[in-house]
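This is run-v9.txt (compact mmCIF, C-alpha atoms).
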# COMPACT_ATOMS: atom_id res chain seq x y z
CA MET A 61 -10.27 4.00 53.74
CA VAL A 62 -10.82 1.29 51.15
CA ALA A 63 -9.65 1.51 47.52
CA GLY A 64 -10.04 -1.61 45.41
CA GLU A 65 -7.76 -1.07 42.42
CA SER A 66 -4.91 1.04 41.05
CA SER A 67 -7.17 3.86 39.80
CA GLY A 68 -8.77 4.12 43.25
CA ASP A 69 -5.34 4.13 44.84
CA LEU A 70 -4.38 7.11 42.69
CA LEU A 71 -7.61 9.00 43.40
CA ALA A 72 -7.35 8.34 47.14
CA SER A 73 -3.77 9.59 47.17
CA ARG A 74 -4.98 12.99 45.92
CA LEU A 75 -7.41 13.22 48.83
CA LEU A 76 -4.69 12.16 51.27
CA SER A 77 -2.27 14.75 49.92
CA GLY A 78 -4.71 17.44 51.00
CA LEU A 79 -5.84 15.78 54.22
CA ARG A 80 -2.59 14.56 55.79
CA PRO A 81 -1.18 18.04 56.65
CA HIS A 82 -4.32 18.71 58.74
CA VAL A 83 -4.14 15.37 60.59
CA PRO A 84 -0.42 14.54 60.65
CA ASP A 85 -0.67 12.02 63.49
CA ALA A 86 -3.89 10.25 62.45
CA LEU A 87 -3.88 6.51 61.83
CA ILE A 88 -5.29 6.06 58.33
CA HIS A 89 -5.71 2.41 57.39
CA GLY A 90 -7.90 -0.12 55.58
CA ILE A 91 -7.24 -1.37 52.05
CA GLY A 92 -5.18 0.56 49.53
CA GLY A 93 -2.09 0.69 47.38
CA PRO A 94 1.38 2.16 47.11
CA ARG A 95 0.33 5.71 46.25
CA MET A 96 -1.80 5.91 49.39
CA ALA A 97 1.12 4.48 51.37
CA GLU A 98 3.17 7.54 50.39
CA TYR A 99 0.94 9.51 52.79
CA GLY A 100 1.30 7.11 55.68
CA PHE A 101 -1.65 4.88 54.79
CA ARG A 102 -1.47 1.33 56.18
CA SER A 103 -3.10 -1.40 54.12
CA ASP A 104 -4.47 -4.26 56.24
CA TRP A 105 -5.06 -6.49 53.18
CA PRO A 106 -3.51 -6.45 49.70
CA MET A 107 -5.54 -4.19 47.41
CA GLU A 108 -5.40 -6.85 44.67
CA LYS A 109 -7.83 -9.00 46.67
CA LEU A 110 -10.62 -6.64 45.59
CA SER A 111 -9.52 -6.16 41.97
CA VAL A 112 -12.11 -8.43 40.34
CA ARG A 113 -14.63 -7.33 37.69
CA GLY A 114 -17.61 -9.10 36.10
CA LEU A 115 -20.65 -10.72 37.69
CA PHE A 116 -19.50 -14.31 37.51
CA GLU A 117 -15.84 -13.48 38.11
CA VAL A 118 -16.82 -11.83 41.40
CA LEU A 119 -18.87 -14.89 42.37
CA ALA A 120 -15.76 -17.05 42.07
CA HIS A 121 -14.03 -14.89 44.68
CA TYR A 122 -17.12 -14.04 46.72
CA ARG A 123 -16.26 -16.01 49.87
CA GLU A 124 -12.83 -14.48 50.23
CA ILE A 125 -14.00 -10.92 49.48
CA LYS A 126 -16.95 -11.24 51.86
CA GLY A 127 -14.62 -12.53 54.56
CA ILE A 128 -12.38 -9.49 54.17
CA GLN A 129 -15.40 -7.18 54.29
CA ASN A 130 -16.73 -8.81 57.48
CA SER A 131 -13.32 -8.77 59.18
CA LEU A 132 -12.79 -5.10 58.38
CA ARG A 133 -16.34 -4.24 59.51
CA ASP A 134 -15.84 -5.99 62.86
CA ARG A 135 -12.51 -4.24 63.40
CA LEU A 136 -13.97 -0.81 62.62
CA LEU A 137 -17.05 -1.30 64.79
CA VAL A 138 -14.70 -1.84 67.71
CA GLU A 139 -12.27 0.89 66.68
CA LYS A 140 -14.98 3.54 66.02
CA PRO A 141 -12.92 5.63 63.56
CA ALA A 142 -13.60 9.34 63.07
CA ALA A 143 -14.75 8.48 59.53
CA PHE A 144 -14.73 5.79 56.89
CA ILE A 145 -13.97 6.73 53.28
CA GLY A 146 -14.79 4.31 50.51
CA VAL A 147 -12.98 5.08 47.26
CA ASP A 148 -14.88 3.64 44.30
CA ALA A 149 -15.25 -0.19 44.66
CA PRO A 150 -19.03 0.31 45.19
CA ASP A 151 -20.00 -3.34 45.54
CA PHE A 152 -17.58 -3.75 48.44
CA ASN A 153 -17.82 -0.31 50.00
CA PHE A 154 -21.55 0.43 50.01
CA GLY A 155 -22.36 -2.70 52.00
CA LEU A 156 -19.65 -1.85 54.49
CA GLU A 157 -20.63 1.80 54.66
CA THR A 158 -24.27 0.95 55.37
CA GLN A 159 -23.34 -1.07 58.44
CA LEU A 160 -20.86 1.51 59.70
CA LYS A 161 -23.29 4.40 59.21
CA GLN A 162 -25.97 2.50 61.12
CA ALA A 163 -23.46 2.17 63.97
CA GLY A 164 -22.95 5.95 64.05
CA ILE A 165 -19.66 6.11 62.12
CA PRO A 166 -19.64 8.92 59.51
CA THR A 167 -19.16 7.55 56.00
CA MET A 168 -17.94 9.24 52.87
CA HIS A 169 -17.77 7.83 49.36
CA PHE A 170 -15.33 9.22 46.80
CA ILE A 171 -16.42 8.75 43.16
CA SER A 172 -20.06 8.15 42.44
CA PRO A 173 -21.00 4.94 40.68
CA SER A 174 -22.40 5.66 37.24
CA ILE A 175 -26.04 5.82 38.32
CA TRP A 176 -26.56 8.24 35.41
CA ALA A 177 -25.57 5.44 33.02
CA TRP A 178 -27.25 2.37 34.49
CA ARG A 179 -28.96 1.07 37.65
CA GLY A 180 -30.19 4.49 38.74
CA GLY A 181 -32.21 2.87 41.53
CA ARG A 182 -28.95 2.48 43.47
CA ILE A 183 -29.40 6.06 44.72
CA LYS A 184 -31.66 4.69 47.49
CA LYS A 185 -28.96 2.25 48.59
CA ILE A 186 -26.40 5.04 48.48
CA ALA A 187 -28.58 7.22 50.72
CA ARG A 188 -28.58 4.48 53.36
CA ALA A 189 -24.82 4.02 53.10
CA VAL A 190 -23.28 7.44 52.68
CA SER A 191 -23.12 10.46 54.98
CA HIS A 192 -21.43 12.54 52.29
CA MET A 193 -20.65 11.91 48.62
CA LEU A 194 -17.68 13.33 46.72
CA VAL A 195 -18.32 13.54 42.98
CA VAL A 196 -15.88 14.16 40.14
CA PHE A 197 -18.18 15.25 37.32
CA PRO A 198 -20.14 18.52 37.56
CA PHE A 199 -23.45 17.04 36.36
CA GLU A 200 -23.45 14.54 39.26
CA GLU A 201 -23.93 17.19 41.97
CA GLU A 202 -27.56 17.90 41.07
CA ILE A 203 -28.42 14.17 41.09
CA TYR A 204 -27.38 13.82 44.73
CA ARG A 205 -28.87 17.12 45.86
CA LYS A 206 -32.24 16.05 44.48
CA ALA A 207 -31.93 12.78 46.42
CA GLY A 208 -31.15 14.67 49.65
CA ILE A 209 -27.62 13.30 49.94
CA PRO A 210 -24.92 15.78 51.04
CA VAL A 211 -22.51 16.17 48.13
CA THR A 212 -19.37 18.06 47.09
CA TYR A 213 -18.08 18.39 43.53
CA VAL A 214 -14.30 18.15 43.82
CA GLY A 215 -13.31 18.00 40.15
CA TYR A 216 -11.53 15.10 38.55
CA PRO A 217 -8.26 14.65 40.48
CA LEU A 218 -6.09 13.81 37.51
CA ALA A 219 -7.20 16.93 35.62
CA GLU A 220 -4.78 18.94 37.75
CA VAL A 221 -2.04 16.29 37.76
CA ILE A 222 -1.92 15.70 34.00
CA PRO A 223 -0.47 18.70 32.16
CA MET A 224 -2.60 20.57 29.66
CA GLU A 225 0.25 20.10 27.14
CA PRO A 226 1.89 16.68 27.70
CA ASP A 227 5.65 16.48 27.02
CA VAL A 228 5.83 13.80 24.34
CA ALA A 229 9.59 14.15 23.84
CA ALA A 230 10.35 13.67 27.55
CA ALA A 231 8.05 10.64 27.77
CA ARG A 232 9.68 9.02 24.76
CA ALA A 233 13.15 9.76 26.08
CA GLU A 234 12.22 8.12 29.40
CA LEU A 235 11.05 4.98 27.60
CA GLY A 236 13.89 4.92 25.09
CA LEU A 237 11.57 5.50 22.14
CA PRO A 238 12.58 7.42 18.99
CA LEU A 239 11.00 10.84 18.76
CA ASP A 240 9.93 10.24 15.15
CA ALA A 241 8.48 6.74 15.68
CA ARG A 242 4.80 5.85 15.59
CA VAL A 243 3.91 4.69 19.10
CA VAL A 244 0.80 2.83 20.21
CA ALA A 245 0.11 2.33 23.91
CA ILE A 246 -1.87 -0.79 24.83
CA LEU A 247 -3.77 -0.74 28.14
CA PRO A 248 -5.68 -4.03 28.52
CA GLY A 249 -6.65 -3.31 32.14
CA SER A 250 -5.17 -3.72 35.61
CA ARG A 251 -7.46 -6.50 36.84
CA MET A 252 -6.58 -10.13 36.20
CA SER A 253 -10.07 -10.71 34.76
CA GLU A 254 -9.55 -7.82 32.32
CA LEU A 255 -6.25 -9.25 31.18
CA LYS A 256 -7.87 -12.65 30.73
CA TYR A 257 -10.47 -11.40 28.25
CA ASN A 258 -8.72 -8.44 26.58
CA THR A 259 -5.11 -9.50 26.07
CA THR A 260 -5.44 -11.79 23.06
CA ALA A 261 -7.53 -9.34 21.01
CA PHE A 262 -5.38 -6.35 21.99
CA VAL A 263 -2.07 -8.02 21.14
CA GLY A 264 -3.64 -9.54 18.04
CA ALA A 265 -4.45 -6.00 16.89
CA ALA A 266 -0.82 -5.02 17.51
CA ARG A 267 0.34 -7.89 15.28
CA LEU A 268 -1.90 -6.67 12.45
CA LEU A 269 -0.71 -3.08 12.83
CA ALA A 270 2.92 -4.23 12.80
CA ARG A 271 2.28 -5.96 9.48
CA ARG A 272 1.01 -2.68 8.01
CA ASP A 273 3.90 -0.70 9.45
CA PRO A 274 6.77 -2.72 10.99
CA SER A 275 8.25 0.45 12.51
CA ILE A 276 5.34 0.97 14.95
CA ARG A 277 6.44 0.67 18.57
CA PHE A 278 4.07 -0.82 21.15
CA VAL A 279 4.27 -0.05 24.88
CA VAL A 280 2.23 -1.98 27.44
CA PRO A 281 2.22 -0.79 31.07
CA MET A 282 1.57 -3.49 33.66
CA ALA A 283 0.02 -2.81 37.08
CA GLY A 284 2.30 -5.31 38.84
CA GLU A 285 4.52 -8.37 38.50
CA ARG A 286 1.55 -10.71 38.82
CA GLN A 287 -0.24 -8.98 35.96
CA LYS A 288 2.95 -8.98 33.86
CA ALA A 289 3.46 -12.73 34.30
CA TYR A 290 -0.18 -13.45 33.43
CA PHE A 291 -0.04 -11.18 30.38
CA GLU A 292 3.06 -12.98 29.09
CA GLU A 293 1.41 -16.35 29.69
CA LEU A 294 -1.71 -15.32 27.75
CA VAL A 295 0.35 -13.94 24.86
CA SER A 296 2.36 -17.14 24.65
CA LYS A 297 -0.71 -19.39 24.74
CA ALA A 298 -2.34 -17.34 21.97
CA GLY A 299 0.67 -17.81 19.72
CA LEU A 300 1.45 -14.08 19.73
CA ALA A 301 4.90 -14.23 21.29
CA GLU A 302 6.50 -12.88 18.10
CA VAL A 303 4.73 -9.52 18.56
CA GLN A 304 7.33 -7.06 19.82
CA VAL A 305 5.88 -5.12 22.75
CA GLN A 306 7.71 -3.15 25.42
CA LEU A 307 6.34 -4.13 28.82
CA LEU A 308 6.56 -1.45 31.50
CA ALA A 309 6.43 -1.73 35.28
CA GLY A 310 3.63 0.78 35.90
CA ARG A 311 4.33 4.14 34.19
CA SER A 312 0.99 4.08 32.38
CA HIS A 313 0.93 7.87 32.20
CA THR A 314 4.38 7.93 30.60
CA ALA A 315 3.21 5.34 28.07
CA ILE A 316 0.11 7.39 27.22
CA ALA A 317 2.09 10.63 26.96
CA ALA A 318 4.56 8.97 24.57
CA SER A 319 1.88 7.53 22.30
CA ASP A 320 0.26 8.58 19.04
CA SER A 321 -2.83 6.45 19.75
CA VAL A 322 -4.01 4.23 22.59
CA LEU A 323 -5.91 0.95 22.70
CA VAL A 324 -7.55 1.04 26.12
CA ALA A 325 -9.92 -1.11 28.13
CA SER A 326 -13.11 0.72 29.14
CA GLY A 327 -12.84 2.28 32.58
CA THR A 328 -11.25 5.29 34.26
CA ALA A 329 -8.12 4.89 32.12
CA THR A 330 -10.12 6.18 29.14
CA LEU A 331 -10.49 9.55 30.82
CA GLU A 332 -6.77 9.61 31.62
CA VAL A 333 -6.07 9.09 27.92
CA ALA A 334 -8.44 11.96 27.08
CA LEU A 335 -6.67 14.26 29.54
CA TYR A 336 -3.43 13.48 27.70
CA LYS A 337 -5.29 14.57 24.49
CA LYS A 338 -4.58 11.25 22.77
CA PRO A 339 -6.69 9.48 20.15
CA MET A 340 -7.96 6.19 21.50
CA VAL A 341 -9.95 3.11 20.70
CA ILE A 342 -12.01 1.92 23.67
CA ALA A 343 -12.59 -1.83 23.86
CA TYR A 344 -13.80 -4.34 26.39
CA LYS A 345 -14.44 -8.06 26.60
CA MET A 346 -15.75 -10.12 29.49
CA MET A 347 -17.26 -13.49 30.31
CA ARG A 348 -20.10 -14.13 27.88
CA ALA A 349 -22.71 -14.69 30.60
CA SER A 350 -21.79 -11.38 32.27
CA TRP A 351 -22.01 -9.57 28.93
CA GLU A 352 -25.45 -10.97 28.12
CA ILE A 353 -26.77 -9.51 31.38
CA LEU A 354 -24.93 -6.18 31.42
CA ARG A 355 -25.47 -5.18 27.79
CA HIS A 356 -29.20 -4.67 28.37
CA MET A 357 -28.78 -2.50 31.47
CA GLY A 358 -27.37 0.77 30.08
CA TYR A 359 -29.31 4.06 29.91
CA GLN A 360 -27.23 5.66 27.17
CA PRO A 361 -25.34 4.56 24.06
CA TRP A 362 -21.82 5.20 25.40
CA ILE A 363 -19.69 3.37 27.96
CA GLY A 364 -16.41 5.30 27.58
CA LEU A 365 -16.09 8.32 29.85
CA PRO A 366 -14.76 10.64 27.10
CA ASN A 367 -17.80 9.84 24.97
CA ILE A 368 -20.17 10.23 27.93
CA LEU A 369 -18.75 13.67 28.76
CA ALA A 370 -18.82 14.72 25.11
CA ARG A 371 -22.33 13.24 24.69
CA GLU A 372 -21.29 11.67 21.39
CA PHE A 373 -19.00 9.01 19.97
CA VAL A 374 -15.83 11.09 19.65
CA VAL A 375 -13.78 7.86 19.78
CA PRO A 376 -14.76 4.29 18.80
CA GLU A 377 -16.12 1.78 21.29
CA LEU A 378 -15.68 -1.87 20.31
CA LEU A 379 -17.21 -4.23 22.83
CA GLN A 380 -17.29 -8.00 23.27
CA ASN A 381 -17.73 -9.71 19.87
CA ALA A 382 -17.05 -6.45 18.04
CA ALA A 383 -13.60 -6.21 19.65
CA THR A 384 -11.83 -8.39 17.10
CA PRO A 385 -8.14 -7.88 16.35
CA GLU A 386 -9.09 -6.79 12.82
CA ALA A 387 -11.62 -4.17 13.97
CA LEU A 388 -9.30 -2.81 16.66
CA ALA A 389 -6.38 -2.57 14.22
CA ASP A 390 -8.52 -0.80 11.60
CA ALA A 391 -9.76 1.77 14.11
CA LEU A 392 -6.25 2.47 15.42
CA TRP A 393 -4.86 2.71 11.89
CA LYS A 394 -7.42 5.37 10.99
CA GLN A 395 -6.32 7.47 13.96
CA LEU A 396 -2.65 7.06 13.09
CA GLU A 397 -3.26 8.06 9.48
CA ASP A 398 -5.78 10.91 9.88
CA SER A 399 -4.00 14.06 11.10
CA GLU A 400 -7.18 16.18 10.95
CA LEU A 401 -8.95 13.68 13.21
CA ARG A 402 -6.13 13.90 15.72
CA VAL A 403 -6.40 17.71 15.78
CA ARG A 404 -10.18 17.58 16.36
CA LEU A 405 -9.78 15.07 19.18
CA ARG A 406 -7.10 17.20 20.84
CA GLN A 407 -9.48 20.17 20.82
CA ARG A 408 -12.39 18.19 22.29
CA PHE A 409 -10.23 16.65 24.99
CA THR A 410 -8.79 20.05 25.91
CA GLU A 411 -12.35 21.31 26.48
CA ILE A 412 -13.06 18.32 28.72
CA HIS A 413 -9.83 18.93 30.65
CA HIS A 414 -10.75 22.54 31.44
CA ALA A 415 -14.24 21.50 32.57
CA LEU A 416 -12.85 19.02 35.10
CA LEU A 417 -10.23 21.27 36.71
CA ARG A 418 -10.64 21.95 40.45
CA ASP A 419 -8.27 21.85 43.45
CA THR A 420 -9.35 18.30 44.23
CA ALA A 421 -6.95 17.71 47.10
CA LYS A 422 -8.11 20.85 48.92
CA GLU A 423 -11.83 20.42 48.18
CA SER A 424 -11.95 16.74 49.18
CA ALA A 425 -9.84 17.27 52.30
CA GLN A 426 -12.09 20.11 53.48
CA ALA A 427 -15.13 17.88 53.01
CA VAL A 428 -13.50 15.18 55.16
CA LEU A 429 -12.55 17.70 57.85
CA GLN A 430 -16.13 18.98 57.94
CA LEU A 431 -17.41 15.42 58.25
CA ILE A 432 -15.22 14.75 61.30
CA GLY A 433 -15.82 18.21 62.84
CA ARG A 434 -12.37 19.61 62.18
CA ALA A 435 -13.07 22.00 59.33
CA THR A 436 -10.74 24.96 58.92
CA ALA A 437 -11.64 28.45 57.80

The structure given in the file should be rewritten as structure tokens.
Amino acid sequence: MVAGESSGDLLASRLLSGLRPHVPDALIHGIGGPRMAEYGFRSDWPMEKLSVRGLFEVLAHYREIKGIQNSLRDRLLVEKPAAFIGVDAPDFNFGLETQLKQAGIPTMHFISPSIWAWRGGRIKKIARAVSHMLVVFPFEEEIYRKAGIPVTYVGYPLAEVIPMEPDVAAARAELGLPLDARVVAILPGSRMSELKYNTTAFVGAARLLARRDPSIRFVVPMAGERQKAYFEELVSKAGLAEVQVQLLAGRSHTAIAASDSVLVASGTATLEVALYKKPMVIAYKMMRASWEILRHMGYQPWIGLPNILAREFVVPELLQNAATPEALADALWKQLEDSELRVRLRQRFTEIHHALLRDTAKESAQAVLQLIGRATA
């Protein structure tokens, strides 16, 4: 198995929770994180090596990443595992899966890339790489069936993990936050490249909100010590050290549950925020050259998963030059002040939550067992 970032680690752990009881003695290894390790997964390289986003950012790490891919490929070609499962990380995994599939090793990919949003031609590459695709959105199943690729809709794993009614009081108690305080969670991203481009604008927005209401509390979950140190360095360099934020070691779900609104980098975290029924402002910044290329490649007007699933802008998206501290603060302030808006968003996000509910661990595990010829009745 290969998962390239914290969200993939979490998704893969759901699959492993269903699979491990059926194969208690199997060696399951590759690249992954601490949640996968809870089910006996052995990571041969640190997952952080793959946590790079952006065209030019990836180029800077290309040699190292390619070396890891080649080393893992060579090891697996000798080992001949019962199956290889790539979890997201499409740029890394599809190339690896293609070579393994050609060598007769069954390959599965968990989480479809957003071919319905951009670069739809990738379906041909996926067909060469993947023996079976696991998808997490119901509309994706038909896309793969039409392309002749075996597919299973397994639901969105976190839809069954995140409660339909989050316990705000318990989350605030865990974080030492007053029950009656206004709380804003700031999620600038788990990748170092995301922190590099998002941190200054996100914390700048917090400074402006604090000027409007000094009682607002800000919580910022960090994916690891390396990310925390880099975040603090960026805040200091930007002259924002006076902004009072509570840094957390992980616990992003607790931070979201405790919040009244969330400032979140575009990605899978946006759907997690929606499942917690929280208002959010979606923002993203990247290297200018990467942005100039990517901004012309989308098929639809939305990039945030809640908006894509709702098929409308239910929450704001502020990207690149539009993601100024002033614009982010204004959008968050509107959500904090407008109680009717918060009620409408809670209703929409509850509908999305119900639509994504399946027994993901069971469904994905059964698909793996079928792939390796060990399916149970």

Give one line per residue of region 98-196 of chain A that approaches region 402-422 of chain A to at most 12 Å, naming the two atoms of the closest pair and their distance in Å to one decimal, counting all atoms listed in the file; sort by chain then ascending residue number and deliver it as a Markdown table.
| residue | atom | partner | partner_atom | distance |
| --- | --- | --- | --- | --- |
| A:Phe170 | CA | A:Thr420 | CA | 11.2 |
| A:Ile171 | CA | A:Thr420 | CA | 11.9 |
| A:Leu194 | CA | A:Thr420 | CA | 10.0 |
| A:Val195 | CA | A:Thr420 | CA | 10.2 |
| A:Val196 | CA | A:Leu416 | CA | 7.6 |

Inset, instruction - With a distance cut-off of 7 Å and all atoms listed in the file, select the neighbouring residues of Arg242 (chain A), excluding the residue or stretch itself and same-chain residues fewer than 3 positions from it, and output the selection as a PyMOL selection string. - result: chain A and resi 276-277+320

Neighbours of region 326-334 of chain A within 6 Å (only C-alpha atoms; same-chain residues fewer than 5 positions away dropped), as a PDB file with C-alpha atoms, keeping the file's coordinate frame?
ATOM      1  CA  ILE A 342     -12.010   1.920  23.670  1.00  0.00           C
ATOM      2  CA  ALA A 343     -12.590  -1.830  23.860  1.00  0.00           C
ATOM      3  CA  TYR A 344     -13.800  -4.340  26.390  1.00  0.00           C
ATOM      4  CA  GLY A 364     -16.410   5.300  27.580  1.00  0.00           C
ATOM      5  CA  LEU A 365     -16.090   8.320  29.850  1.00  0.00           C
ATOM      6  CA  PRO A 366     -14.760  10.640  27.100  1.00  0.00           C
ATOM      7  CA  PHE A 409     -10.230  16.650  24.990  1.00  0.00           C
TER       8      PHE A 409
END

Inset, instruction - Go through A:Ala189, A:Ile183, A:Ala265, A:Leu255 one by one, measure the shortest atom-to-atom distance of each to Arg286 (chain A) using only C-alpha atoms, and give the residue with the smallest value. - result: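 Of A:Ala189, A:Ile183, A:Ala265, A:Leu255, the one nearest Arg286 (chain A) is A:Leu255, counting only C-alpha atoms.
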
Inset, instruction - Can you work out which one of A:Val305, A:Ala283, A:Ala389, A:Leu136 has the shortest atom-to-atom distance to Gly93 (chain A), counting all atoms listed in the file? - result: A:Ala283

Inset, instruction - Name all residues at most 12 Å from Leu396 (chain A) (count all atoms listed in the file; drop same-chain ones fewer than 6 positions away) and give them as a list in words. - result: Ala241, Arg242, Val243, Val244, Leu269, Arg272, Asp273, Ile276, Ser319, Asp320, Ser321, Val322, Leu323, Lys338, Pro339, Met340, Val341, Ala389, Asp390, Arg402 and Val403 of chain A

Legend entry - For CA of Leu268 (chain A) and CA of Ser67 (chain A), the interatomic separation in Å (one decimal): 29.8 Å
